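Q: Enclosed is the structure file target.cif (mmCIF, C-alpha atoms).
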data_upload
#
loop_
_atom_site.label_atom_id
_atom_site.label_comp_id
_atom_site.auth_asym_id
_atom_site.auth_seq_id
_atom_site.Cartn_x
_atom_site.Cartn_y
_atom_site.Cartn_z
CA MET I 55 -8.21 -10.00 30.75
CA ALA I 56 -11.47 -8.10 30.72
CA ASN I 57 -10.57 -6.03 27.63
CA THR I 58 -8.73 -6.65 24.38
CA PHE I 59 -6.09 -4.14 23.34
CA VAL I 60 -4.52 -4.40 19.89
CA LYS I 61 -2.10 -2.07 18.14
CA ASN I 62 -1.07 -3.65 14.88
CA ASP I 63 0.70 -1.07 12.70
CA VAL I 64 1.54 -2.42 9.26
CA HIS I 65 3.33 -0.94 6.25
CA ILE I 66 1.64 -2.39 3.18
CA ILE I 67 3.06 -2.07 -0.34
CA PHE I 68 1.30 -3.08 -3.53
CA HIS I 69 2.04 -2.50 -7.21
CA THR I 70 0.11 -2.19 -10.44
CA LYS I 71 -0.19 -5.32 -12.50
CA ALA I 72 2.48 -5.81 -15.17
CA LYS I 73 1.61 -4.26 -18.52
CA THR I 74 -1.33 -2.33 -17.10
CA THR I 75 -1.97 1.35 -16.79
CA ASN I 76 -0.18 3.34 -14.09
CA VAL I 77 -2.02 6.01 -12.14
CA LEU I 78 -1.80 9.44 -13.73
CA ALA I 79 0.11 11.95 -11.60
CA GLU I 80 -2.95 14.20 -11.37
CA ASP I 81 -5.01 11.31 -9.95
CA LEU I 82 -2.56 10.17 -7.26
CA VAL I 83 -3.84 12.48 -4.49
CA ARG I 84 -7.45 11.49 -5.22
CA LEU I 85 -6.52 7.79 -5.19
CA HIS I 86 -4.69 8.13 -1.89
CA LYS I 87 -7.64 9.96 -0.32
CA TYR I 88 -10.01 7.31 -1.60
CA ILE I 89 -7.82 4.56 -0.17
CA GLY I 90 -7.89 6.44 3.14
CA GLY I 91 -11.69 6.29 3.05
CA ILE I 92 -11.60 2.55 2.35
CA VAL I 93 -9.23 2.04 5.28
CA LYS I 94 -11.54 3.95 7.62
CA GLY I 95 -14.58 2.08 6.31
CA LEU I 96 -12.87 -1.22 7.12
CA GLY I 97 -12.37 -0.13 10.72
CA ALA I 98 -8.64 0.50 10.47
CA VAL I 99 -6.79 3.68 11.38
CA LEU I 100 -4.97 5.40 8.53
CA ILE I 101 -1.56 6.69 9.54
CA GLU I 102 -0.17 7.56 6.08
CA VAL I 103 -0.75 6.73 2.44
CA GLY I 104 1.39 7.66 -0.53
CA GLY I 105 3.39 6.24 -3.36
CA MET I 106 4.12 6.60 -7.02
CA PRO I 107 2.11 6.10 -10.23
CA ASP I 108 2.93 2.36 -10.16
CA HIS I 109 2.69 1.52 -6.45
CA VAL I 110 1.13 2.42 -3.12
CA HIS I 111 2.56 2.57 0.38
CA LEU I 112 -0.01 2.33 3.15
CA LEU I 113 0.73 2.62 6.86
CA CYS I 114 -2.21 1.82 9.09
CA SER I 115 -3.33 0.20 12.30
CA LEU I 116 -5.31 -2.86 11.35
CA PRO I 117 -8.63 -3.61 13.01
CA LYS I 118 -8.48 -6.44 15.54
CA THR I 119 -11.38 -8.18 13.82
CA MET I 120 -9.97 -8.53 10.29
CA ALA I 121 -7.24 -10.68 8.78
CA LEU I 122 -4.48 -8.82 6.95
CA SER I 123 -5.17 -10.70 3.70
CA ASP I 124 -8.87 -9.74 3.79
CA PHE I 125 -7.95 -6.13 4.52
CA VAL I 126 -5.49 -5.84 1.62
CA ARG I 127 -7.84 -7.64 -0.77
CA ALA I 128 -10.63 -5.17 0.07
CA VAL I 129 -8.40 -2.09 -0.29
CA LYS I 130 -7.07 -3.23 -3.65
CA ALA I 131 -10.42 -4.36 -5.04
CA GLU I 132 -12.33 -1.24 -3.97
CA SER I 133 -9.63 1.18 -5.14
CA SER I 134 -9.33 -0.62 -8.48
CA ARG I 135 -13.10 -0.45 -9.04
CA TRP I 136 -13.17 3.23 -8.07
CA ILE I 137 -10.30 4.38 -10.27
CA LYS I 138 -12.04 2.92 -13.32
CA THR I 139 -15.01 5.21 -12.62
CA ILE I 140 -12.97 8.42 -12.82
CA ASN I 141 -11.73 7.68 -16.34
CA SER I 142 -13.03 4.43 -17.78
CA HIS I 143 -11.22 4.98 -21.08
CA TYR I 144 -7.76 5.41 -19.55
CA TYR I 145 -8.18 3.07 -16.55
CA GLY I 146 -10.35 0.43 -18.24
CA ALA I 147 -7.69 -2.29 -17.89
CA PHE I 148 -6.27 -1.05 -14.57
CA ALA I 149 -5.43 -3.71 -11.98
CA TRP I 150 -3.23 -4.23 -8.94
CA GLN I 151 -0.90 -7.23 -8.78
CA ASP I 152 -2.24 -10.16 -6.79
CA GLY I 153 0.64 -10.05 -4.33
CA TYR I 154 1.69 -7.44 -1.80
CA GLY I 155 4.21 -6.81 0.93
CA ALA I 156 3.15 -6.24 4.52
CA PHE I 157 5.67 -5.37 7.20
CA SER I 158 5.05 -4.84 10.89
CA VAL I 159 6.11 -1.44 12.19
CA SER I 160 7.03 -0.86 15.81
CA ALA I 161 5.91 2.33 17.55
CA SER I 162 9.53 3.51 17.62
CA VAL I 163 9.74 3.78 13.81
CA VAL I 164 6.24 4.99 12.89
CA THR I 165 7.47 8.57 12.38
CA LYS I 166 10.38 7.37 10.23
CA THR I 167 7.97 5.25 8.15
CA ILE I 168 5.62 8.22 7.65
CA GLU I 169 8.51 10.32 6.36
CA TYR I 170 9.63 7.49 4.10
CA ILE I 171 6.15 7.28 2.55
CA ARG I 172 5.90 11.06 2.17
CA ASN I 173 9.23 11.25 0.36
CA GLN I 174 8.60 8.63 -2.30
CA GLN I 175 9.28 10.94 -5.23
CA GLU I 176 12.72 11.88 -3.91
CA HIS I 177 13.47 8.31 -2.92
CA HIS I 178 12.65 6.93 -6.38
CA LYS I 179 14.97 9.36 -8.12
CA VAL I 180 17.78 7.09 -6.97
CA LYS I 181 16.14 3.71 -6.32
CA SER I 182 13.78 1.63 -8.46
CA PHE I 183 10.65 0.04 -7.04
CA LEU I 184 12.17 -3.42 -7.40
CA ASP I 185 15.32 -2.41 -5.50
CA GLU I 186 13.16 -0.75 -2.84
CA TYR I 187 10.98 -3.83 -2.46
CA LYS I 188 13.97 -6.19 -2.27
CA SER I 189 15.51 -4.00 0.45
CA PHE I 190 12.33 -4.41 2.53
CA LEU I 191 12.36 -8.17 2.04
CA LYS I 192 16.02 -8.37 3.02
CA ALA I 193 15.59 -6.07 6.04
CA TYR I 194 12.81 -8.32 7.33
CA GLY I 195 14.79 -11.50 6.64
CA MET I 196 12.30 -12.81 4.11
CA GLU I 197 13.31 -15.33 1.47
CA TYR I 198 12.10 -14.72 -2.06
CA ASP I 199 12.54 -15.95 -5.59
CA GLU I 200 13.64 -13.20 -8.00
CA ARG I 201 11.43 -14.68 -10.73
CA TYR I 202 8.29 -13.77 -8.76
CA LEU I 203 9.13 -10.19 -7.88
#
Any chance you could put this one into structure tokens?
A:
Amino acid sequence: MANTFVKNDVHIIFHTKAKTTNVLAEDLVRLHKYIGGIVKGLGAVLIEVGGMPDHVHLLCSLPKTMALSDFVRAVKAESSRWIKTINSHYYGAFAWQDGYGAFSVSASVVTKTIEYIRNQQEHHKVKSFLDEYKSFLKAYGMEYDERYL
């Protein structure tokens, strides 16, 4: 083929490190906007970003030139560094967990995934993050050890 065409939509989920500071509610929108800027700077296309004080949901089209692991590492590292600058006293020990979940999203469910991310507050009134995460792992047929969730 003369050209390369890639459409790699991925739903990425990552959580704050155990026993660290969660994001203050008033800083969530700023954090999500900043993450959107990181995504764009890495050459990806942001579709949606959202989440809760303890975790982020990110739906984006990955660049064809970057590995998923490098992409997630950059987003987490840059957002962690940035959040410490907005309130070094409160966020001084802030960190994301090393791990993350990344799930491919077909074009047919992008709209449904966007709505899911936008409705996190309602969703988490009835379902914990751990239950949510396990449901993703089960839906994608992924084996996991409960001790490492």
Q: For a quick check of understanding, using only C-alpha atoms, which of I:Leu82, I:Ile101, I:Val93, I:Leu116 has the smallest distance to I:Val164?
A: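 The closest residue to I:Val164 is I:Ile101.
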Q: Mind giving me the straight-line distance from atom CA of I:Tyr194 to atom CA of I:Val126 in Å, one decimal?
A: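 It comes out at 19.3 Å.
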Q: Could you spell out the hits of the PyMOL selection byres ((chain I and resi 73-79) around 6) on the shown file, as a PyMOL selection string?
A: chain I and resi 71-72+80-82+107-108+148
Q: Quick one, how far is atom CA of I:Met196 from atom CA of I:Tyr154?
A: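 Going from atom CA of I:Met196 over to atom CA of I:Tyr154, I get 13.3 Å.
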Q: For this structure, which residues satisfy the selection - the PyMOL selection byres ((chain I and resi 136) around 12) - when it is evaluated on the file as given? I want them as a PyMOL selection string.
A: chain I and resi 81+84-89+91-92+128-135+137-142+145-146+148-149
Q: How far is it from atom CA of I:Gly155 to atom CA of I:His69, in Å with one decimal?
A: 9.5 Å
Q: Which of these residues is nearest to I:Phe125, using all atoms listed in the file: I:Ala147, I:Glu186, I:Gly97, I:Val180?
A: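 Result for the nearest residue to I:Phe125: I:Gly97.
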Q: Quick one: apply the PyMOL selection byres ((chain I and resi 161) around 12) to the file and drop the selected residues here as a VMD selection string.
A: chain I and resid 61 to 64 101 113 to 115 158 to 160 162 to 168
Q: From the list I:Glu169, I:Lys94, I:Gln151, I:His109, which residue is nearest I:Tyr202 when using only C-alpha atoms?
A: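 Closest to I:Tyr202 of all the choices is I:Gln151.
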Q: Considering all atoms listed in the file, return as a list in words whatever protein or nucleic-acid residues lie within 10 Å of I:Gln174, sequence-local ones (same chain, fewer than 5 positions apart) excluded.
A: Gly104, Gly105, Met106, Val110, His111, Glu169, Lys179 and Lys181 of chain I
Q: Given the choices I:Lys192, I:Tyr144, I:Val60, I:Phe183, which gets closest to I:Pro117 if the distance is worked out from only C-alpha atoms?
A: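 Closest to I:Pro117 of all the choices is I:Val60.
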